[in-house]
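Just below is one structure, and these are the notes that go with it.
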Amino acid sequence: MTTATAARALAFAALHTPASPLALANAWDVAGARLVEAAGAPAVATTSAGVAWSLGSPDGDALARDRALELIARVAAAVSVPVTADIEGGFATDPAGVGETVTGVLAAGAVGINIEDGNRAPADHADRIAAARAAAEAAGVPLYINARVDTYLFGLGDPDTRLDATLARAAAYLRAGASGIFVPGVTDPATVAELAKGIDAPLNVLVGPGAPTVAELGALGAARVSLGSAVAQAAYAVVRRATEELLTTGTYDALSDSLPYGELNGLLDR
């Protein structure tokens, strides 16, 4: 890899700070990525769900690796800011396969990844993270590995010990080579503060309507805030509303907030 790629990876890592959390509106195609960049975002993140849905696949390790990598390459080539890619569980059945995925991600031009543990045993996921780090080191890129801990998102384990279990997973993933920890499924201030205090790395939280503001989460210690699949879900909701309105009342009000054709077309005319 080039020194420019390594420099981009370091610049992306430096964006993670509670003083001004990295706020990511996740994209799933080139037009969306360019909209995010044009709005002033310092980085672009993909959403695995949005990417999978746009390619006709369900989210959750069902999308073929090559199709995901093709999308990542298109997005990375379309913007000038760093790109971090959500690679679900690694698009592989074992750690060696995760390493191959990461090699492909770097070749596609991304400098960060999200990789989730889900229901996988923490020790197995740590092996996957270690393989991802080894592949990145072999390529000479300080890849930002955002290790997702799904204890809260999936309600894993005893609620009374969930915080401790989350912190234990986070520590194991950091030892394996993770750069930061992503804990979706929790936004209540007390828990976010405890997570930030107990994790010796940047904390990423998933947000949406009703969650504390980016600044409030930064004050609690969060260094990264993501919208995840919510933007894609909102976009597809417009598709359904517009269609239902068209077929029932024959009106078109659901499209009243559309972006101008010329603006969107202009974003891609370069």
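Residues in the structure tokens are named by chain (A, B, ... in the order shown) and by number from 1 within that chain; ligands are numbered from 1 in the order shown.
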
Item checked: Spatial neighbours of A:Glu116, max dist 12 Å, only C-alpha atoms, sep filter under 4 positions, as an NGL selection string -> :A and (48 or 60-61 or 85-91 or 98 or 120-122 or 124-126 or 128-129 or 145-151 or 153-154 or 169-170 or 173 or 178 or 181-184)

Next item on the list: Using DSSP on the backbone, list every residue of stretch 60-224 of chain A that comes out as strand (DSSP E), and give them as a PyMOL selection string.
Entry: chain A and resi 83-86+112-116+144-148+180-182+203-206+224

Note to self: Need to verify the contact set: A:Leu167, 8 Å, only C-alpha atoms, exclusion of same-chain residues closer than 3 positions in sequence. Can you return it as a PyMOL selection string?
What the structure shows: chain A and resi 163-164+170-171+195+198-199

Note to self: If you run DSSP on the backbone here, which positions in stretch 16-238 of chain A get alpha helix (DSSP H)? Please write them as a ChimeraX atom specification.
What the structure shows: /A:30-38,48-54,65-78,95-108,122-139,162-176,189-198,214-220,230-238

Next item on the list: Using only C-alpha atoms, pick whichever of A:Ser258, A:Thr84, A:Thr249, A:Asn114 has the shortest atom-to-atom distance to A:Ala235.
Entry: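 Among the listed residues, A:Ser258 lies closest to A:Ala235.
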